[in-house]
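Worksheet for the structure shown next.
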Amino acid sequence: MLMAHPAVLRNLVEQYETLRILHAQDGSPQVRQRMDDVAYTLCVSTGTRDVDTALIAARHQLPGARPEDDSLLTV
């Protein structure tokens with residue numbers, strides 16, 4: 001599987017978190033659409049199917065993540 005560059009993943013995670021806050025405050029359709037777009041890109045970039053799993057996978061791929069700690073990935 002191809003892996004996204006850590007800088008791309010970091011940017012996507014930051015965008016999604018910012019958009020989530022904006023959506024909670026404002027709830028506009030434009031913010032929601034952008035949030036959906038970023039969520040889709042995160043899923044594609046991490047090979048996952050939902051945004052929560054994508055966020056976990058992206059954070060594990062960032063520098064400084066502890067690769068031996070996969071407790072968040074177990075169901």
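Chain labels run A, B, ... following the order of the structure tokens; each chain numbers its residues from 1, and ligands are numbered from 1 in the order shown.
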
With only C-alpha atoms as the counted atoms, please give the residues lying no more than 12 Å from Thr48 in chain A, apart from itself and same-chain residues fewer than 4 positions off, as a PyMOL selection string. chain A and resi 1+3+39-44+52-58+73

Backbone DSSP call of alpha helix (DSSP H) for chain A, listed as an MDAnalysis selection string: chainID A and resid 6:25 29:46 51:61

Name the closest residue to Arg20 in chain A among the candidates A:Leu2, A:Met35, A:Leu62, A:Val51; distances are taken between atoms, counting only C-alpha atoms.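 Looking only at the distances to Arg20 in chain A, the closest residue turns out to be A:Met35.
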
CA of His23 in chain A to CA of Arg59 in chain A, straight-line distance in Å: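 Going from CA of Arg59 in chain A over to CA of His23 in chain A covers 21.7 Å.
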
If you count only C-alpha atoms, which residues fall within 12 Å of Thr18 in chain A, apart from same-chain ones fewer than 6 positions away, as an MDAnalysis selection string? chainID A and resid 11:12 24:25 31:32 34:35 38

Output all heavy atoms of each residue in that selection to a file, as a compact mmCIF listing (two decimals), in the first residue's frame.
# COMPACT_ATOMS: atom_id res chain seq x y z
N ASN A 11 -1.21 17.74 7.89
CA ASN A 11 -2.05 18.81 7.38
C ASN A 11 -3.51 18.40 7.33
O ASN A 11 -4.40 19.16 7.73
CB ASN A 11 -1.55 19.25 6.00
CG ASN A 11 -2.36 20.38 5.44
OD1 ASN A 11 -3.40 20.17 4.82
ND2 ASN A 11 -1.90 21.60 5.65
N LEU A 12 -3.78 17.20 6.87
CA LEU A 12 -5.16 16.71 6.79
C LEU A 12 -5.79 16.58 8.18
O LEU A 12 -6.94 16.96 8.38
CB LEU A 12 -5.22 15.37 6.06
CG LEU A 12 -4.96 15.42 4.56
CD1 LEU A 12 -4.78 14.01 4.00
CD2 LEU A 12 -6.10 16.14 3.84
N ALA A 24 -19.03 22.71 14.56
CA ALA A 24 -19.74 22.70 15.84
C ALA A 24 -20.22 24.11 16.20
O ALA A 24 -21.30 24.28 16.78
CB ALA A 24 -18.84 22.17 16.94
N GLN A 25 -19.43 25.12 15.83
CA GLN A 25 -19.80 26.50 16.15
C GLN A 25 -20.80 27.08 15.17
O GLN A 25 -21.68 27.84 15.54
CB GLN A 25 -18.55 27.40 16.16
CG GLN A 25 -17.57 27.07 17.24
CD GLN A 25 -16.27 27.86 17.10
OE1 GLN A 25 -16.01 28.47 16.08
NE2 GLN A 25 -15.47 27.82 18.15
N VAL A 31 -18.90 24.45 5.44
CA VAL A 31 -17.94 23.84 6.37
C VAL A 31 -18.14 22.33 6.39
O VAL A 31 -17.18 21.56 6.35
CB VAL A 31 -18.06 24.44 7.78
CG1 VAL A 31 -17.20 23.68 8.78
CG2 VAL A 31 -17.66 25.92 7.77
N ARG A 32 -19.39 21.90 6.40
CA ARG A 32 -19.68 20.46 6.42
C ARG A 32 -19.17 19.77 5.15
O ARG A 32 -18.59 18.69 5.21
CB ARG A 32 -21.19 20.22 6.56
CG ARG A 32 -21.56 18.76 6.63
CD ARG A 32 -20.99 18.14 7.86
NE ARG A 32 -20.87 16.72 7.68
CZ ARG A 32 -20.50 15.88 8.62
NH1 ARG A 32 -20.22 16.32 9.82
NH2 ARG A 32 -20.40 14.61 8.38
N ARG A 34 -16.67 20.77 3.22
CA ARG A 34 -15.20 20.74 3.27
C ARG A 34 -14.73 19.66 4.25
O ARG A 34 -13.76 18.95 3.99
CB ARG A 34 -14.66 22.12 3.67
CG ARG A 34 -13.17 22.20 3.72
CD ARG A 34 -12.55 22.03 2.34
NE ARG A 34 -11.10 22.02 2.47
CZ ARG A 34 -10.31 21.15 1.87
NH1 ARG A 34 -10.80 20.26 1.03
NH2 ARG A 34 -9.02 21.18 2.06
N MET A 35 -15.43 19.54 5.37
CA MET A 35 -15.10 18.50 6.35
C MET A 35 -15.26 17.11 5.74
O MET A 35 -14.41 16.23 5.92
CB MET A 35 -16.00 18.66 7.57
CG MET A 35 -15.50 17.98 8.80
SD MET A 35 -16.41 18.54 10.25
CE MET A 35 -17.57 17.24 10.42
N VAL A 38 -12.31 16.50 3.34
CA VAL A 38 -11.06 16.19 4.05
C VAL A 38 -11.15 14.79 4.65
O VAL A 38 -10.18 14.03 4.61
CB VAL A 38 -10.75 17.25 5.12
CG1 VAL A 38 -9.58 16.84 6.00
CG2 VAL A 38 -10.47 18.60 4.46

Of the candidates A:Gln30, A:Asp37, A:Gln61, A:Ser45, which one gets nearest to Tyr16 in chain A if we count only C-alpha atoms? A:Asp37

Gap from CA of Glu14 in chain A to CA of Thr46 in chain A - Å, one decimal: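 Between CA of Glu14 in chain A and CA of Thr46 in chain A the gap is 15.1 Å.
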